[in-house]
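Participant: One structure is given below, represented as structure tokens, and several questions about it will come after.
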Amino acid sequence: QKEVEQNSGPLSVPEGAIASLNCTYSDRVSQSFFWYRQYSGKSPELIMSIYSNGDKEDGRFTAQLNKASQYVSLLIRDSQPSDSATYLCAVKSTGRRALTFGSGTRLQVQP
Amino acid sequence: EAQVTQNPRYLITVTGKKLTVTCSQNMNHEYMSWYRQDPGLGLRQIYYSMNVEVTDKGDVPEGYKVSRKEKRNFPLILESPSPNQTSLYFCASTLSGNNEQFFGPGTRLTVL
């Protein structure tokens, strides 16, 4: 079992819809969670970070964390074609010195 | 402008020819990392540094070396590159272990 798992997609949504991206992790002592967006051929850029259970909203983005179920999700409201990218989930666990990344979910927003 | 820079951005080389990819950050970050990204495997950490002269292996360190003689620089060294090291490489820095990582623009390496 991978430490951080994501559906590779592609996840295809129409413009204006809500895109829901999910991530599960295996290490129960994980403490910090990040969503990165990566356009093709470019470097990852941070979208959201979340550290405690519940929802965290930033503009059109909402991160949701459920430590009991060991999943973290990212909702993108009013999806735009410019949101088409690969979204990487990253987890920081106690005792590990680095982030562990999932392999990413490719999102396609259809105009 | 706060940034992480990498050079070169693209490199084609041959098996066994030593190469160095440079990484520099201007944010006074203590933590720096090197990752490689391969299709279907995501980002995997190669090496990690918590400060000057302090480095540690990541998940895939075989075939790579690093050094951290100055806080801002963290070069990645391939002493004898092989074709399985063909990949997209990213350098990243962060203020502390739990904070956002800032990524460089990437170096696409091809080893023939």
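Each chain in the structure tokens gets a letter, A, B and so on, in the order shown; residues start at 1 in every chain, and ligands are counted from 1 in the order they appear.
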Find the spatial neighbours of Leu78 (chain B), counting only C-alpha atoms, within a cut-off of 9 Å - ignore same-chain residues fewer than 5 positions away - and output them as a ChimeraX atom specification.

Facilitator: /B:16-21,63-66,85

Participant: Please dump the current selection as a PDB file, in the first residue's frame; keep C-alpha atoms.

Facilitator:
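Dumped everything to selection_21.pdb:
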ATOM      1  CA  GLY B  16      29.069   7.767 -16.792  1.00  0.00           C
ATOM      2  CA  LYS B  17      29.752  11.452 -17.380  1.00  0.00           C
ATOM      3  CA  LYS B  18      29.683  13.233 -14.031  1.00  0.00           C
ATOM      4  CA  LEU B  19      27.275  16.138 -13.743  1.00  0.00           C
ATOM      5  CA  THR B  20      26.075  18.667 -11.193  1.00  0.00           C
ATOM      6  CA  VAL B  21      22.717  20.383 -11.016  1.00  0.00           C
ATOM      7  CA  GLY B  63      23.427   7.165  -7.391  1.00  0.00           C
ATOM      8  CA  TYR B  64      23.245  10.711  -6.050  1.00  0.00           C
ATOM      9  CA  LYS B  65      25.344  12.927  -3.805  1.00  0.00           C
ATOM     10  CA  VAL B  66      24.677  16.330  -2.289  1.00  0.00           C
ATOM     11  CA  GLN B  85      18.279   8.523 -13.709  1.00  0.00           C
TER      12      GLN B  85
END

Participant: With a distance cut-off of 12 Å and only C-alpha atoms, select the neighbouring residues of Asn7 (chain B), excluding the residue or stretch itself and same-chain residues fewer than 2 positions from it, and output the selection as a PyMOL selection string.

Facilitator: chain B and resi 4-5+9-11+19-24+73-76+89-91+104-109

Participant: Find the residues around Gln45 (chain B) up to 10 Å (only C-alpha atoms counted), leave out those fewer than 6 positions away in its own chain, and share them as a ChimeraX atom specification.

Facilitator: /A:98-101 /B:33-37,57-61,89-91

Participant: Selection from above, N, CA and C atoms, as a compact mmCIF listing (two decimals), in the first residue's frame, can you write it?

Facilitator:
# COMPACT_ATOMS: atom_id res chain seq x y z
N ALA A 98 10.54 14.68 5.65
CA ALA A 98 10.14 15.23 4.37
C ALA A 98 8.66 14.98 4.14
N LEU A 99 8.15 15.67 3.14
CA LEU A 99 6.80 15.41 2.71
C LEU A 99 6.76 14.12 1.90
N THR A 100 5.66 13.40 1.99
CA THR A 100 5.40 12.27 1.12
C THR A 100 4.30 12.68 0.16
N PHE A 101 4.56 12.56 -1.12
CA PHE A 101 3.61 13.00 -2.14
C PHE A 101 2.85 11.82 -2.72
N SER B 33 15.60 20.39 -0.22
CA SER B 33 15.41 19.01 -0.65
C SER B 33 15.59 18.90 -2.15
N TRP B 34 15.91 17.69 -2.58
CA TRP B 34 15.88 17.34 -3.98
C TRP B 34 14.87 16.22 -4.19
N TYR B 35 14.06 16.38 -5.25
CA TYR B 35 13.08 15.38 -5.62
C TYR B 35 13.29 14.99 -7.08
N ARG B 36 12.86 13.79 -7.40
CA ARG B 36 12.72 13.42 -8.80
C ARG B 36 11.26 13.05 -9.05
N GLN B 37 10.80 13.35 -10.25
CA GLN B 37 9.41 13.09 -10.60
C GLN B 37 9.37 12.23 -11.85
N LYS B 57 19.63 11.13 3.75
CA LYS B 57 19.06 10.45 2.59
C LYS B 57 17.54 10.52 2.62
N GLY B 58 16.98 10.63 1.44
CA GLY B 58 15.54 10.53 1.28
C GLY B 58 15.15 9.12 0.91
N ASP B 59 14.14 9.00 0.07
CA ASP B 59 13.63 7.68 -0.28
C ASP B 59 14.39 7.00 -1.42
N VAL B 60 15.04 7.78 -2.27
CA VAL B 60 15.74 7.22 -3.44
C VAL B 60 17.11 7.84 -3.60
N PRO B 61 18.04 7.65 -2.66
CA PRO B 61 19.33 8.34 -2.71
C PRO B 61 20.39 7.68 -3.58
N TYR B 89 13.82 16.71 -12.29
CA TYR B 89 14.33 16.95 -10.94
C TYR B 89 13.90 18.32 -10.43
N PHE B 90 13.46 18.32 -9.18
CA PHE B 90 13.07 19.57 -8.53
C PHE B 90 13.85 19.77 -7.24
N CYS B 91 14.31 20.97 -7.06
CA CYS B 91 14.87 21.41 -5.79
C CYS B 91 13.78 22.18 -5.05

Participant: Would you list the contacts of region 64-77 of chain A as a ChimeraX atom specification, taking every protein, DNA or RNA residue within 12 Å and counting only C-alpha atoms, but skipping same-chain residues closer than 5 positions in sequence?

Facilitator: /A:3-7,13-37,47-59,82-84,87-91,102,105,107,109

Participant: Counting only C-alpha atoms, which residues from chain B have an atom at most 6 Å from any atom of chain A, and could you show them as a ChimeraX atom specification?

Facilitator: /B:40-43,105

Participant: Based on the selection just made, write N, CA, C and O atoms of those residues as a CSV table (one decimal), in the first residue's frame.

Facilitator:
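Result went into part.csv, see below:
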chain,number,residue,atom,x,y,z
B,40,GLY,N,3.6,8.3,-13.0
B,40,GLY,CA,3.0,7.3,-12.2
B,40,GLY,C,3.6,7.1,-10.8
B,40,GLY,O,3.0,6.4,-10.0
B,41,LEU,N,4.8,7.7,-10.6
B,41,LEU,CA,5.4,7.5,-9.3
B,41,LEU,C,5.4,8.8,-8.4
B,41,LEU,O,5.8,8.8,-7.3
B,42,GLY,N,5.0,9.9,-9.0
B,42,GLY,CA,4.9,11.1,-8.2
B,42,GLY,C,6.3,11.7,-7.9
B,42,GLY,O,7.3,11.3,-8.5
B,43,LEU,N,6.3,12.5,-6.9
B,43,LEU,CA,7.6,13.2,-6.4
B,43,LEU,C,8.2,12.3,-5.4
B,43,LEU,O,7.5,12.0,-4.4
B,105,PRO,N,12.2,25.6,-10.7
B,105,PRO,CA,11.5,25.4,-12.0
B,105,PRO,C,11.7,24.0,-12.5
B,105,PRO,O,11.0,23.6,-13.5

Participant: To one decimal place in Å, what is the distance between CA of Thr86 (chain A) and CA of Glu62 (chain B)?

Facilitator: 27.5 Å

Participant: Which residues are near Glu53 (chain B)? Cut-off 10 Å, only C-alpha atoms, ignore same chain within fewer than 4 positions. Put them as an mmCIF file with all heavy atoms, in the first residue's frame.

Facilitator:
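The result, stored in result.cif:
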data_model
loop_
_atom_site.group_PDB
_atom_site.id
_atom_site.type_symbol
_atom_site.label_atom_id
_atom_site.label_comp_id
_atom_site.auth_asym_id
_atom_site.auth_seq_id
_atom_site.Cartn_x
_atom_site.Cartn_y
_atom_site.Cartn_z
ATOM 1 N N SER B 49 18.297 18.384 3.413
ATOM 2 C CA SER B 49 19.278 19.082 4.254
ATOM 3 C C SER B 49 18.547 19.986 5.225
ATOM 4 O O SER B 49 17.686 20.769 4.823
ATOM 5 C CB SER B 49 20.228 19.905 3.392
ATOM 6 O OG SER B 49 21.060 20.712 4.195
ATOM 7 N N SER B 67 25.726 18.245 -1.308
ATOM 8 C CA SER B 67 26.539 18.946 -0.321
ATOM 9 C C SER B 67 25.814 20.224 0.071
ATOM 10 O O SER B 67 25.009 20.758 -0.696
ATOM 11 C CB SER B 67 27.925 19.264 -0.878
ATOM 12 O OG SER B 67 27.846 20.233 -1.906
ATOM 13 N N ARG B 68 26.079 20.697 1.262
ATOM 14 C CA ARG B 68 25.452 21.960 1.724
ATOM 15 C C ARG B 68 26.525 22.753 2.482
ATOM 16 O O ARG B 68 26.624 22.731 3.699
ATOM 17 C CB ARG B 68 24.267 21.642 2.636
ATOM 18 C CG ARG B 68 23.447 22.883 3.017
ATOM 19 C CD ARG B 68 22.300 23.107 2.116
ATOM 20 N NE ARG B 68 21.525 24.290 2.443
ATOM 21 C CZ ARG B 68 20.517 24.316 3.320
ATOM 22 N NH1 ARG B 68 20.185 23.221 3.983
ATOM 23 N NH2 ARG B 68 19.852 25.437 3.515
ATOM 24 N N LYS B 69 27.326 23.439 1.696
ATOM 25 C CA LYS B 69 28.420 24.219 2.272
ATOM 26 C C LYS B 69 27.977 25.641 2.611
ATOM 27 O O LYS B 69 28.590 26.321 3.443
ATOM 28 C CB LYS B 69 29.612 24.239 1.328
ATOM 29 C CG LYS B 69 30.281 22.877 1.183
ATOM 30 C CD LYS B 69 31.480 22.928 0.294
ATOM 31 C CE LYS B 69 32.304 21.646 0.334
ATOM 32 N NZ LYS B 69 31.526 20.419 0.283
ATOM 33 N N GLU B 70 26.937 26.104 1.939
ATOM 34 C CA GLU B 70 26.361 27.416 2.215
ATOM 35 C C GLU B 70 24.861 27.234 2.376
ATOM 36 O O GLU B 70 24.275 26.342 1.764
ATOM 37 C CB GLU B 70 26.614 28.385 1.069
ATOM 38 C CG GLU B 70 28.051 28.568 0.680
ATOM 39 C CD GLU B 70 28.151 29.283 -0.660
ATOM 40 O OE1 GLU B 70 27.930 28.632 -1.692
ATOM 41 O OE2 GLU B 70 28.411 30.498 -0.651
ATOM 42 N N LYS B 71 24.249 28.126 3.144
ATOM 43 C CA LYS B 71 22.825 27.983 3.411
ATOM 44 C C LYS B 71 21.999 28.079 2.137
ATOM 45 O O LYS B 71 20.987 27.399 1.983
ATOM 46 C CB LYS B 71 22.375 29.067 4.391
ATOM 47 C CG LYS B 71 21.045 28.794 5.065
ATOM 48 C CD LYS B 71 20.800 29.806 6.154
ATOM 49 C CE LYS B 71 19.576 29.459 6.956
ATOM 50 N NZ LYS B 71 19.354 30.407 8.081
#

Participant: Please report the interatomic distance between CA of Ala92 (chain B) and CA of Tyr31 (chain B) in Å with one decimal.

Facilitator: 8.3 Å

Participant: Just list the residues in chain A DSSP gives strand (DSSP E or B) on the backbone, as a ChimeraX atom specification.

Facilitator: /A:4-5,11-14,19-25,30-38,45-50,54-58,61-66,71-76,85-93,99-101,105-110

Participant: Figure out the distance between CA of Asn51 (chain B) and CA of Glu79 (chain B), please, to one decimal in Å.

Facilitator: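 Computing the Euclidean distance for CA of Glu79 (chain B) and CA of Asn51 (chain B) yields 23.0 Å.
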
Participant: Using only C-alpha atoms, can you tell me which of B:Thr110, B:Gln101, B:Gln6, B:Asn26 comes closest to Ser82 (chain B)?

Facilitator: B:Thr110
